[in-house]
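For reference, my_file-v8.txt is printed below; it contains compact mmCIF, C-alpha atoms.
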# COMPACT_ATOMS: atom_id res chain seq x y z
CA MET E 383 -14.11 -3.31 -4.70
CA ILE E 384 -15.14 0.35 -5.07
CA ALA E 385 -15.65 0.73 -1.31
CA ALA E 386 -12.24 -0.80 -0.55
CA ALA E 387 -10.57 1.38 -3.21
CA TRP E 388 -12.14 4.48 -1.67
CA GLN E 389 -10.91 3.45 1.81
CA ILE E 390 -7.38 3.18 0.44
CA ALA E 391 -7.67 6.52 -1.40
CA ARG E 392 -9.07 8.26 1.69
CA LYS E 393 -6.24 6.90 3.83
CA ASP E 394 -3.60 8.02 1.30
CA LEU E 395 -5.13 11.50 1.05
CA ARG E 396 -5.28 11.83 4.83
CA GLN E 397 -1.64 10.75 5.12
CA GLU E 398 -0.58 13.18 2.42
CA LEU E 399 -2.49 16.10 3.92
CA ARG E 400 -0.78 15.40 7.27
CA SER E 401 2.77 14.92 5.99
CA LYS E 402 2.54 17.04 2.80
CA GLU E 403 5.57 15.04 1.62
CA SER E 404 4.85 14.87 -2.09
CA LEU E 405 2.42 17.79 -2.12
CA ASN E 406 5.05 20.34 -1.05
CA ALA E 407 7.77 18.85 -3.24
CA ALA E 408 5.57 18.69 -6.35
CA LEU E 409 4.08 22.15 -5.90
CA SER E 410 7.40 23.88 -5.29
CA LEU E 411 9.04 22.04 -8.22
CA THR E 412 6.16 23.03 -10.50
CA VAL E 413 6.28 26.73 -9.59
CA VAL E 414 10.11 26.89 -9.71
CA LEU E 415 10.26 25.20 -13.13
CA LEU E 416 7.53 27.48 -14.52
CA ILE E 417 9.49 30.53 -13.31
CA LEU E 418 12.82 29.22 -14.67
CA PHE E 419 11.34 28.34 -18.06
CA SER E 420 9.84 31.82 -18.26
CA PHE E 421 13.40 33.18 -18.14
CA ALA E 422 14.83 30.54 -20.49
CA PHE E 423 12.12 31.07 -23.12
CA ASP E 424 10.74 34.53 -23.80
CA PRO E 425 7.01 34.50 -22.94
CA ALA E 426 6.63 37.80 -24.83
CA ALA E 427 7.81 36.23 -28.09
CA GLU E 428 5.26 36.00 -30.89
CA ASP E 429 5.35 32.22 -31.01
CA SER E 430 5.17 31.74 -27.23
CA LYS E 431 1.53 30.65 -27.44
CA GLN E 432 2.63 27.78 -29.66
CA TRP E 433 5.05 26.23 -27.16
CA SER E 434 3.89 27.37 -23.71
CA GLY E 435 1.39 24.50 -23.48
CA GLY E 436 4.23 22.05 -24.10
CA LEU E 437 6.24 23.54 -21.23
CA LEU E 438 3.21 23.31 -18.95
CA TRP E 439 2.80 19.59 -19.59
CA LEU E 440 6.51 18.94 -19.23
CA VAL E 441 6.41 20.55 -15.79
CA TYR E 442 3.18 18.74 -14.81
CA SER E 443 4.65 15.39 -15.80
CA PHE E 444 7.71 16.03 -13.56
CA ALA E 445 5.36 16.82 -10.68
CA GLY E 446 3.41 13.66 -11.47
CA ALA E 447 6.57 11.53 -11.21
CA LEU E 448 7.26 12.92 -7.73
CA ILE E 449 3.73 12.13 -6.56
CA VAL E 450 3.38 8.61 -7.98
CA ASN E 451 6.84 7.71 -6.70
CA ARG E 452 5.55 8.00 -3.12
CA SER E 453 2.35 6.09 -3.84
CA PHE E 454 3.57 2.58 -2.97
CA ALA E 455 6.84 3.69 -1.36
CA ARG E 456 4.87 5.14 1.58
CA GLU E 457 3.63 1.61 2.32
CA LEU E 458 7.17 0.33 2.93
CA MET E 459 7.55 1.92 6.37
CA ASN E 460 6.45 -0.55 9.08
CA ASP E 461 5.75 -3.15 6.36
CA CYS E 462 2.31 -1.67 5.65
CA LEU E 463 2.33 -3.12 2.13
CA GLU E 464 2.67 -6.61 3.58
CA ALA E 465 -0.20 -5.89 5.97
CA LEU E 466 -2.34 -4.68 3.05
CA ARG E 467 -1.53 -7.83 1.10
CA ALA E 468 -2.54 -9.91 4.12
CA SER E 469 -5.89 -8.09 4.25
CA PRO E 470 -8.93 -9.14 2.20
CA VAL E 471 -8.60 -6.08 -0.07
CA PRO E 472 -8.30 -7.16 -3.72
CA SER E 473 -5.08 -6.00 -5.39
CA SER E 474 -7.13 -4.20 -8.04
CA ALA E 475 -8.89 -2.14 -5.31
CA LEU E 476 -5.55 -1.35 -3.71
CA PHE E 477 -4.21 -0.19 -7.07
CA LEU E 478 -7.32 1.84 -7.94
CA GLY E 479 -7.41 3.51 -4.52
CA LYS E 480 -3.80 4.58 -4.84
CA ALA E 481 -4.32 5.83 -8.40
CA VAL E 482 -7.36 7.91 -7.33
CA ALA E 483 -5.39 9.45 -4.42
CA CYS E 484 -2.48 10.32 -6.74
CA PHE E 485 -4.93 11.77 -9.28
CA LEU E 486 -6.55 14.07 -6.70
CA ILE E 487 -3.18 15.19 -5.28
CA LEU E 488 -1.74 15.88 -8.74
CA MET E 489 -4.91 17.71 -9.84
CA GLY E 490 -4.61 19.86 -6.71
CA VAL E 491 -0.99 20.71 -7.54
CA GLU E 492 -1.81 21.44 -11.19
CA LEU E 493 -4.77 23.69 -10.41
CA THR E 494 -2.81 25.56 -7.71
CA ALA E 495 0.10 26.20 -10.08
CA LEU E 496 -2.11 27.13 -13.04
CA PRO E 497 -2.47 30.85 -12.15
CA ALA E 498 1.35 31.10 -12.02
CA PHE E 499 1.52 29.65 -15.53
CA CYS E 500 -1.10 32.08 -16.85
CA ILE E 501 0.69 35.07 -15.28
CA PHE E 502 4.29 34.18 -16.23
CA TYR E 503 3.43 33.17 -19.80
CA ASP E 504 0.69 35.76 -20.30
CA VAL E 505 -1.83 33.23 -21.53
CA SER E 506 -5.54 32.80 -20.95
CA LEU E 507 -7.28 29.45 -20.80
CA LEU E 508 -10.72 31.03 -20.58
CA GLY E 509 -11.31 30.82 -24.34
CA ALA E 510 -12.18 27.13 -24.03
CA PRO E 511 -12.19 26.35 -20.29
CA TRP E 512 -14.07 23.03 -20.55
CA THR E 513 -11.72 21.75 -23.23
CA PHE E 514 -8.79 22.56 -20.95
CA ILE E 515 -10.41 21.00 -17.86
CA ALA E 516 -11.21 17.82 -19.81
CA THR E 517 -7.62 17.72 -21.13
CA LEU E 518 -6.27 18.27 -17.62
CA ALA E 519 -8.41 15.50 -16.09
CA LEU E 520 -7.78 12.92 -18.85
CA THR E 521 -4.03 13.53 -19.02
CA THR E 522 -3.64 13.60 -15.24
CA TRP E 523 -5.41 10.23 -15.04
CA ALA E 524 -3.09 8.87 -17.75
CA VAL E 525 -0.04 10.02 -15.76
CA THR E 526 -1.34 8.65 -12.46
CA VAL E 527 -2.68 5.31 -13.72
CA LEU E 528 0.55 4.49 -15.54
CA GLY E 529 2.72 5.99 -12.79
CA THR E 530 0.92 4.08 -10.03
CA MET E 531 1.29 0.82 -11.93
CA PHE E 532 5.05 1.36 -12.27
CA SER E 533 5.24 2.60 -8.68
CA ALA E 534 3.94 -0.83 -7.63
CA LEU E 535 6.36 -2.59 -9.97
CA THR E 536 9.42 -0.68 -8.74
CA VAL E 537 8.51 -0.39 -5.06
CA ASN E 538 11.07 -2.97 -3.94
CA LEU E 539 13.92 -1.67 -6.13
CA HIS E 540 16.73 0.25 -4.45
CA MET E 541 16.89 2.77 -7.30
CA ARG E 542 13.13 3.21 -7.68
CA GLU E 543 13.34 7.03 -7.78
CA LEU E 544 15.50 6.68 -10.90
CA MET E 545 13.76 3.69 -12.42
CA LEU E 546 10.23 5.08 -12.29
CA PRO E 547 10.76 8.07 -14.64
CA VAL E 548 12.92 5.96 -16.97
CA LEU E 549 10.09 3.45 -17.35
CA VAL E 550 7.12 5.84 -17.28
CA TYR E 551 8.12 8.80 -19.48
CA PRO E 552 8.56 6.86 -22.75
CA MET E 553 5.11 5.35 -22.28
CA LEU E 554 3.60 8.74 -21.51
CA ILE E 555 4.61 10.20 -24.87
CA PRO E 556 1.20 9.60 -26.57
CA PRO E 557 -0.98 11.21 -23.87
CA LEU E 558 1.47 14.07 -23.36
CA VAL E 559 1.56 14.81 -27.11
CA ALA E 560 -2.24 14.83 -27.12
CA ALA E 561 -2.34 17.13 -24.08
CA ILE E 562 0.19 19.50 -25.64
CA GLU E 563 -1.79 19.71 -28.89
CA LEU E 564 -5.10 20.24 -27.09
CA THR E 565 -3.62 22.89 -24.75
CA ARG E 566 -2.03 24.67 -27.73
CA GLY E 567 -5.52 24.82 -29.27
CA VAL E 568 -6.99 26.31 -26.08
CA ILE E 569 -4.23 28.94 -25.79
CA THR E 570 -4.14 29.99 -29.46
CA GLY E 571 -7.89 29.74 -29.99
CA GLU E 572 -7.43 27.38 -32.94
CA PRO E 573 -9.59 24.31 -32.35
CA ALA E 574 -7.47 21.16 -32.02
CA SER E 575 -8.31 17.94 -33.83
CA GLU E 576 -10.78 15.68 -32.04
CA ILE E 577 -8.40 12.79 -32.56
CA TRP E 578 -6.28 13.95 -29.59
CA PHE E 579 -9.25 13.59 -27.26
CA ARG E 580 -9.93 10.13 -28.63
CA LEU E 581 -6.29 9.21 -28.07
CA LEU E 582 -6.45 10.38 -24.44
CA ILE E 583 -9.71 8.55 -23.73
CA GLY E 584 -8.47 5.38 -25.44
CA PHE E 585 -5.15 5.50 -23.54
CA ASP E 586 -6.95 5.97 -20.21
CA ILE E 587 -9.37 3.10 -20.81
CA ILE E 588 -6.73 0.66 -22.05
CA PHE E 589 -4.18 1.35 -19.31
CA THR E 590 -6.77 1.44 -16.51
CA ALA E 591 -8.11 -1.95 -17.64
CA LEU E 592 -4.57 -3.34 -18.00
CA ALA E 593 -3.47 -2.05 -14.60
CA VAL E 594 -6.55 -3.45 -12.84
CA ALA E 595 -6.16 -6.80 -14.59
CA LEU E 596 -2.42 -7.04 -13.81
CA ALA E 597 -2.57 -5.66 -10.25
CA GLU E 598 -2.67 -9.13 -8.68
CA VAL E 599 0.41 -10.25 -10.64
CA VAL E 600 2.30 -7.02 -9.95
CA LEU E 601 1.64 -7.07 -6.20
CA THR E 602 2.18 -10.80 -5.61
CA ASP E 603 5.43 -11.83 -3.93
CA MET I 1288 -3.73 -31.96 -0.46
CA SER I 1289 -7.35 -31.21 -1.11
CA ASN I 1290 -8.58 -28.35 1.04
CA PRO I 1291 -9.78 -29.88 4.33
CA LEU I 1292 -11.73 -26.73 5.15
CA MET I 1293 -13.85 -27.39 2.13
CA GLN I 1294 -14.40 -30.96 3.22
CA GLY I 1295 -15.45 -30.02 6.75
CA SER I 1296 -12.86 -32.42 8.16
CA GLY I 1297 -12.37 -30.30 11.29
CA VAL I 1298 -8.90 -29.21 10.25
CA MET I 1299 -8.41 -25.45 10.50
CA LEU I 1300 -5.05 -25.28 8.84
CA GLY I 1301 -2.85 -27.65 6.94
CA ALA I 1302 0.16 -28.09 4.72
CA GLN I 1303 0.94 -31.03 2.48
CA GLY I 1304 4.36 -31.52 0.91
CA VAL I 1305 5.11 -27.78 0.88
CA TRP I 1306 8.34 -26.51 -0.65
CA ARG I 1307 9.29 -22.85 -0.93
CA TYR I 1308 12.48 -21.68 -2.64
CA PHE I 1309 14.43 -18.43 -2.62
CA GLY I 1310 16.27 -18.75 -5.90
CA ASP I 1311 17.70 -22.29 -5.79
CA PHE I 1312 17.73 -22.39 -1.98
CA PRO I 1313 14.86 -24.36 -0.43
CA ALA I 1314 13.67 -22.31 2.57
CA LEU I 1315 10.97 -24.90 3.31
CA ARG I 1316 11.37 -28.59 2.50
CA ASP I 1317 8.47 -31.00 2.29
CA ILE I 1318 6.42 -29.51 5.12
CA THR I 1319 3.32 -31.48 6.10
CA PHE I 1320 1.09 -30.87 9.13
CA GLU I 1321 -2.52 -30.38 10.17
CA ILE I 1322 -3.82 -28.07 12.88
CA GLU I 1323 -7.21 -28.55 14.49
CA PRO I 1324 -9.49 -25.57 15.28
CA GLY I 1325 -8.86 -23.84 18.61
CA ALA I 1326 -5.21 -24.93 18.86
CA CYS I 1327 -2.37 -22.62 19.83
CA VAL I 1328 0.69 -23.75 17.92
CA ALA I 1329 4.17 -22.50 18.77
CA LEU I 1330 6.46 -22.50 15.77
CA LEU I 1331 10.01 -22.83 17.03
CA GLY I 1332 13.41 -22.89 15.40
CA HIS I 1333 16.69 -21.00 15.02
CA ASN I 1334 17.03 -17.88 12.90
CA GLY I 1335 16.82 -18.83 9.24
CA ALA I 1336 14.96 -22.08 9.99
CA GLY I 1337 12.03 -20.96 7.80
CA LYS I 1338 9.52 -19.83 10.46
CA THR I 1339 8.68 -16.49 8.84
CA THR I 1340 8.43 -18.09 5.39
CA LEU I 1341 5.99 -20.69 6.69
CA LEU I 1342 3.89 -18.09 8.52
CA LYS I 1343 3.69 -16.01 5.33
CA LEU I 1344 2.41 -19.03 3.44
CA LEU I 1345 -0.24 -19.62 6.13
CA ALA I 1346 -1.29 -15.96 5.89
CA ARG I 1347 -1.48 -16.30 2.08
CA LEU I 1348 1.20 -13.66 1.57
CA ALA I 1349 3.06 -16.08 -0.67
CA ALA I 1350 2.29 -19.36 -2.38
CA PRO I 1351 4.32 -22.57 -2.15
CA GLN I 1352 6.20 -23.62 -5.28
CA LYS I 1353 5.36 -27.25 -4.51
CA GLY I 1354 2.63 -28.71 -2.32
CA THR I 1355 -0.56 -27.14 -0.99
CA ILE I 1356 -1.67 -25.02 1.93
CA ALA I 1357 -5.20 -25.13 3.35
CA ALA I 1358 -6.10 -22.01 5.31
CA PRO I 1359 -9.18 -19.87 6.02
CA PRO I 1360 -9.86 -16.92 3.72
CA LEU I 1361 -8.17 -13.57 4.42
CA THR I 1362 -11.39 -12.17 5.91
CA GLU I 1363 -11.04 -14.74 8.70
CA THR I 1364 -7.30 -14.35 9.20
CA GLY I 1365 -5.36 -11.88 11.33
CA TYR I 1366 -1.65 -11.51 10.53
CA LEU I 1367 1.03 -9.65 12.43
CA GLY I 1368 4.49 -9.87 10.88
CA HIS I 1369 7.83 -8.32 11.84
CA GLY I 1370 6.63 -4.90 10.66
CA LEU I 1371 3.79 -3.43 12.65
CA GLY I 1372 1.75 -2.23 9.67
CA LEU I 1373 0.97 1.15 11.21
CA TYR I 1374 0.95 4.53 9.50
CA GLU I 1375 3.10 7.02 11.41
CA ASP I 1376 1.12 10.11 10.38
CA LEU I 1377 -2.23 8.68 11.42
CA SER I 1378 -3.48 8.44 14.98
CA ALA I 1379 -3.95 5.13 16.79
CA ILE I 1380 -7.71 5.22 16.29
CA GLU I 1381 -7.38 6.20 12.60
CA ASN I 1382 -4.98 3.32 12.03
CA LEU I 1383 -7.27 0.80 13.68
CA ARG I 1384 -10.41 2.14 11.96
CA PHE I 1385 -8.66 1.88 8.58
CA TRP I 1386 -7.59 -1.73 9.14
CA GLY I 1387 -10.93 -2.54 10.75
CA GLU I 1388 -12.87 -1.27 7.72
CA LEU I 1389 -10.70 -3.35 5.40
CA HIS I 1390 -11.31 -6.48 7.49
CA GLY I 1391 -15.00 -5.78 8.03
CA ALA I 1392 -14.69 -5.24 11.80
CA ALA I 1393 -17.54 -3.59 13.70
CA GLU I 1394 -17.29 0.22 13.78
CA GLU I 1395 -16.86 0.38 17.56
CA ALA I 1396 -14.20 -2.38 17.59
CA SER I 1397 -11.26 0.02 17.25
CA GLY I 1398 -12.22 2.10 20.27
CA GLN I 1399 -12.92 -1.01 22.31
CA TRP I 1400 -9.53 -2.47 21.42
CA LEU I 1401 -7.65 0.69 22.45
CA LYS I 1402 -9.49 0.58 25.76
CA ARG I 1403 -8.59 -3.11 26.14
CA VAL I 1404 -4.87 -2.41 25.64
CA GLU I 1405 -5.03 0.71 27.85
CA LEU I 1406 -4.29 3.18 25.07
CA ASP I 1407 -7.65 4.93 24.87
CA HIS I 1408 -6.15 8.07 26.48
CA VAL I 1409 -3.82 8.52 23.45
CA ALA I 1410 -6.30 7.36 20.79
CA THR I 1411 -6.04 10.57 18.75
CA ALA I 1412 -2.25 11.00 19.03
CA PRO I 1413 -0.15 10.20 15.96
CA VAL I 1414 1.50 6.78 16.11
CA ARG I 1415 4.90 8.38 15.44
CA GLN I 1416 4.85 9.69 19.03
CA PHE I 1417 4.39 6.18 20.49
CA SER I 1418 7.02 3.97 22.11
CA ARG I 1419 7.77 0.52 20.66
CA GLY I 1420 5.59 -1.20 23.25
CA MET I 1421 2.63 1.14 22.61
CA ARG I 1422 2.94 0.62 18.84
CA GLN I 1423 2.96 -3.13 19.33
CA ARG I 1424 -0.24 -2.90 21.37
CA VAL I 1425 -1.95 -0.87 18.65
CA ALA I 1426 -0.64 -3.23 15.96
CA LEU I 1427 -2.11 -6.24 17.76
CA GLY I 1428 -5.50 -4.59 17.30
CA ARG I 1429 -4.91 -4.64 13.55
CA ALA I 1430 -4.75 -8.43 13.71
CA PHE I 1431 -7.28 -9.03 16.51
CA GLN I 1432 -10.12 -6.50 16.24
CA HIS I 1433 -12.12 -8.35 13.58
CA PHE I 1434 -12.08 -11.53 15.72
CA PRO I 1435 -10.43 -13.75 13.10
CA LYS I 1436 -10.69 -17.53 13.18
CA LEU I 1437 -6.96 -17.79 12.51
CA LEU I 1438 -4.24 -15.61 14.04
CA VAL I 1439 -0.77 -15.79 12.49
CA LEU I 1440 1.78 -13.94 14.61
CA ASP I 1441 5.47 -13.68 13.79
CA GLU I 1442 7.50 -13.11 16.97
CA PRO I 1443 4.82 -11.03 18.69
CA PHE I 1444 6.71 -10.92 22.02
CA THR I 1445 9.85 -9.33 20.57
CA GLY I 1446 10.67 -5.92 22.01
CA LEU I 1447 7.83 -5.92 24.53
CA ASP I 1448 8.23 -4.88 28.16
CA GLU I 1449 6.93 -7.08 30.97
CA ARG I 1450 3.56 -5.32 31.14
CA SER I 1451 3.01 -5.65 27.39
CA VAL I 1452 4.00 -9.34 27.44
CA LYS I 1453 1.37 -9.96 30.12
CA LEU I 1454 -1.22 -8.02 28.15
CA LEU I 1455 -0.43 -9.96 24.99
CA GLN I 1456 -0.73 -13.27 26.81
CA GLU I 1457 -4.12 -12.16 28.13
CA VAL I 1458 -5.51 -11.19 24.73
CA LEU I 1459 -4.17 -14.39 23.20
CA ARG I 1460 -5.95 -16.41 25.92
CA GLU I 1461 -9.16 -14.47 25.22
CA ALA I 1462 -8.80 -15.25 21.50
CA LEU I 1463 -8.36 -18.96 22.30
CA GLU I 1464 -11.42 -18.87 24.53
CA ARG I 1465 -13.38 -17.37 21.62
CA GLY I 1466 -12.32 -20.35 19.54
CA SER I 1467 -9.60 -18.76 17.42
CA THR I 1468 -6.69 -20.85 16.21
CA ILE I 1469 -3.28 -19.29 16.79
CA VAL I 1470 0.04 -20.00 15.12
CA LEU I 1471 2.93 -17.97 16.49
CA SER I 1472 6.69 -18.01 16.27
CA SER I 1473 8.95 -16.75 19.01
CA HIS I 1474 12.37 -16.97 20.57
CA GLN I 1475 10.87 -16.27 24.01
CA ILE I 1476 10.11 -19.90 24.78
CA PRO I 1477 8.64 -19.51 28.33
CA GLU I 1478 6.13 -16.85 27.19
CA VAL I 1479 5.01 -18.96 24.24
CA MET I 1480 4.91 -22.27 26.05
CA ALA I 1481 2.57 -20.76 28.64
CA LEU I 1482 -0.03 -20.60 25.87
CA ALA I 1483 0.88 -23.29 23.36
CA THR I 1484 -1.14 -26.47 23.08
CA ARG I 1485 1.27 -27.87 20.51
CA THR I 1486 4.72 -27.11 19.05
CA LEU I 1487 6.14 -27.40 15.57
CA LYS I 1488 9.92 -27.21 15.27
CA LEU I 1489 11.68 -26.19 12.11
CA ASP I 1490 15.33 -26.91 11.39
CA ARG I 1491 16.81 -25.64 8.11
CA GLY I 1492 13.43 -25.70 6.43
CA ARG I 1493 12.32 -29.13 7.67
CA LEU I 1494 9.86 -30.02 10.39
CA VAL I 1495 11.65 -32.07 13.05
So that I can check it, write out the structure of this file as structure tokens.
Amino acid sequence: MIAAAWQIARKDLRQELRSKESLNAALSLTVVLLILFSFAFDPAAEDSKQWSGGLLWLVYSFAGALIVNRSFARELMNDCLEALRASPVPSSALFLGKAVACFLILMGVELTALPAFCIFYDVSLLGAPWTFIATLALTTWAVTVLGTMFSALTVNLHMRELMLPVLVYPMLIPPLVAAIELTRGVITGEPASEIWFRLLIGFDIIFTALAVALAEVVLTD
Amino acid sequence: MSNPLMQGSGVMLGAQGVWRYFGDFPALRDITFEIEPGACVALLGHNGAGKTTLLKLLARLAAPQKGTIAAPPLTETGYLGHGLGLYEDLSAIENLRFWGELHGAAEEASGQWLKRVELDHVATAPVRQFSRGMRQRVALGRAFQHFPKLLVLDEPFTGLDERSVKLLQEVLREALERGSTIVLSSHQIPEVMALATRTLKLDRGRLV
């Protein structure tokens, strides 16, 4: 299953690097929103370190929605999804491969846009870099695993671009709250409660297991 | 029906009392047949007769709501539906290698197939630059290159020029000589009947 999942992920990454469809859209949206928010909220304000982490995760979650939306939708052209379902690849491998590809693309967008965030909001993440990297990886996986699952569920809907965020954002509240709290801790230098890490890890484990277990049902005609 | 493949009865493919509904509408009604290994079966019928629905059941893309289907596992099946299942941004060879890896085809099979269908000179060009006929020839490789025991082809002659039709007939004959079983639907009766060893005709979801 791992080998098949990696073949799917590699194919998705290759396609994305060629077309840059979601990569360009997500990266430009991320940078534009970070710039706009820096005008809407004063980064020089005393309390800016308290809320800038929240803005960062709001922007990252928007970028995540753009990326996961394309995950299964790109299989609709030429009926590739049907061809995948007619192949011996287990649905769980198909799902995992797509989630891994989305994770790597979104991580790439987040890391590329991170310097812009640090400059516009005058913040440093170097006080606790490993805490931030762990938060980034765990939250990005939460966004992609849930987003990919709903991307599969909504792939045949006409209004999938609208339906996906409506379904995904409410469910992303727990991991996003945890990410915001942990990032606030990194920016302000006040150590955040360990419970937020536990919440992120628990969320990732539960939803990865659920998505893998339900993949067959979700992808069956 | 108990699975004849499991019983070694010599039946490659079978359906017993199969019904498939779309909502309340029965697209397939009480379909029963058996196909012996090495046969080439032409599935005929008007538009909306249920040909595509039946082929999807044989390729395990859907399950019947009533009745049973006996078919080889997906590793031994090659399916080509209405869509070609090709990625526009990938080259012909990348597409075939991807599908070949998923089906467990030999590494060199993709290159050999492109040579067979006379597309080896454009192997590294993106599929989006290909004509309909060229795409169809690449797509056939997706279904053929792992040498499946069962080939399920939904209107494979549609949109092909004369040269491509001839090429397709040749590769289908080669597959039959290798011992593959083929089930294909088509509206191009002469092309199909040149290959078919048996016909199944569907009319409004029933075999007639």
Item checked: Distance query Gln1423 (chain I) at most 8 Å, only C-alpha atoms, self and fewer than 3 positions along chain excluded, as a ChimeraX atom specification -> /I:1371,1419-1420,1426-1427,1447
Please, what is the axis-aligned box for every listed atom of region 1404-1419 of chain I with 6 Å on each side, as centre and edge lengths in Å to one decimal, as AutoDock Vina command-line options?
--center_x 0.1 --center_y 4.3 --center_z 21.6 --size_x 27.4 --size_y 25.4 --size_z 24.4
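CA of Phe1434 (chain I) lies 21.8 Å from CA of Ser1378 (chain I).
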Item checked: Separation of CA of Ala385 (chain E) from CA of Ala595 (chain E) in Å -> 18.0 Å
Margin query: If the cut-off is 7 Å, can you tell me the residues of chain E near chain I, counting only C-alpha atoms? I'd like them as a PyMOL selection string.
Written below: chain E and resi 386+397+400-401+460-462+465+467-471+603
Output of the above residues as a PDB file, keeping the file's coordinate frame, restricted to C-alpha atoms:
ATOM      1  CA  ALA E 386     -12.240  -0.800  -0.550  1.00  0.00           C
ATOM      2  CA  GLN E 397      -1.640  10.750   5.120  1.00  0.00           C
ATOM      3  CA  ARG E 400      -0.780  15.400   7.270  1.00  0.00           C
ATOM      4  CA  SER E 401       2.770  14.920   5.990  1.00  0.00           C
ATOM      5  CA  ASN E 460       6.450  -0.550   9.080  1.00  0.00           C
ATOM      6  CA  ASP E 461       5.750  -3.150   6.360  1.00  0.00           C
ATOM      7  CA  CYS E 462       2.310  -1.670   5.650  1.00  0.00           C
ATOM      8  CA  ALA E 465      -0.200  -5.890   5.970  1.00  0.00           C
ATOM      9  CA  ARG E 467      -1.530  -7.830   1.100  1.00  0.00           C
ATOM     10  CA  ALA E 468      -2.540  -9.910   4.120  1.00  0.00           C
ATOM     11  CA  SER E 469      -5.890  -8.090   4.250  1.00  0.00           C
ATOM     12  CA  PRO E 470      -8.930  -9.140   2.200  1.00  0.00           C
ATOM     13  CA  VAL E 471      -8.600  -6.080  -0.070  1.00  0.00           C
ATOM     14  CA  ASP E 603       5.430 -11.830  -3.930  1.00  0.00           C
TER      15      ASP E 603
END
Notebook entry, point to check: Within 10 Å of (8.1, 14.2, -14.5), all atoms listed in the file: residues as a PyMOL selection string?
Noted result: chain E and resi 408+412+439-450+525+529+546-548+550-551+554
Checklist line | Which residue of I:Asp1311, I:Asp1441, I:Glu1395, I:Glu1405 approaches Leu1471 (chain I) most closely, using only C-alpha atoms | finding: I:Asp1441
Notebook entry, point to check: Skipping near chain neighbours, those fewer than 6 positions away, what residues fall within 8 Å of Ala1358 (chain I) using all atoms listed in the file, listed as JSON, numbers by chain?
Noted result: {"I": [1292, 1299, 1300, 1301, 1345, 1346]}
Next item on the list: Using CA of Thr517 (chain E) and CA of Ala561 (chain E) as the two end points, give the distance in Å to one decimal.
Entry: 6.1 Å
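Among the candidate residues I:Val1305, I:Leu1342, I:Pro1313, I:Arg1384, the one lying nearest to Gly1354 (chain I) is I:Val1305, with distances computed using all atoms listed in the file.
Among E:Arg452, E:Arg580, E:Arg396, E:Lys431, the residue with the shortest atom-to-atom distance to Leu520 (chain E), counting all atoms listed in the file, is E:Arg580.
The residue that comes closest to Thr530 (chain E), out of E:Phe423, E:Trp433, E:Trp578, E:Phe485 and on the basis of all atoms listed in the file, is E:Phe485.
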Item checked: All residues 12 Å or closer to Tyr1308 (chain I), only C-alpha atoms, same chain fewer than 2 positions away omitted, as a VMD selection string -> chain I and resid 1305 to 1306 1310 to 1317 1337 1340 to 1341 1349 to 1353 1492
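Here the question is which of I:Leu1489, I:Ala1392, I:Ala1379, I:Met1480 gets nearest to His1333 (chain I) using only C-alpha atoms, and that residue is I:Leu1489.
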Note to self: Applying 9 Å and all atoms listed in the file, which residues near Leu507 (chain E) remain after dropping the ones on its own chain fewer than 2 positions away? List them as a PyMOL selection string.
What the structure shows: chain E and resi 500+505+509-511+514+565+568-569
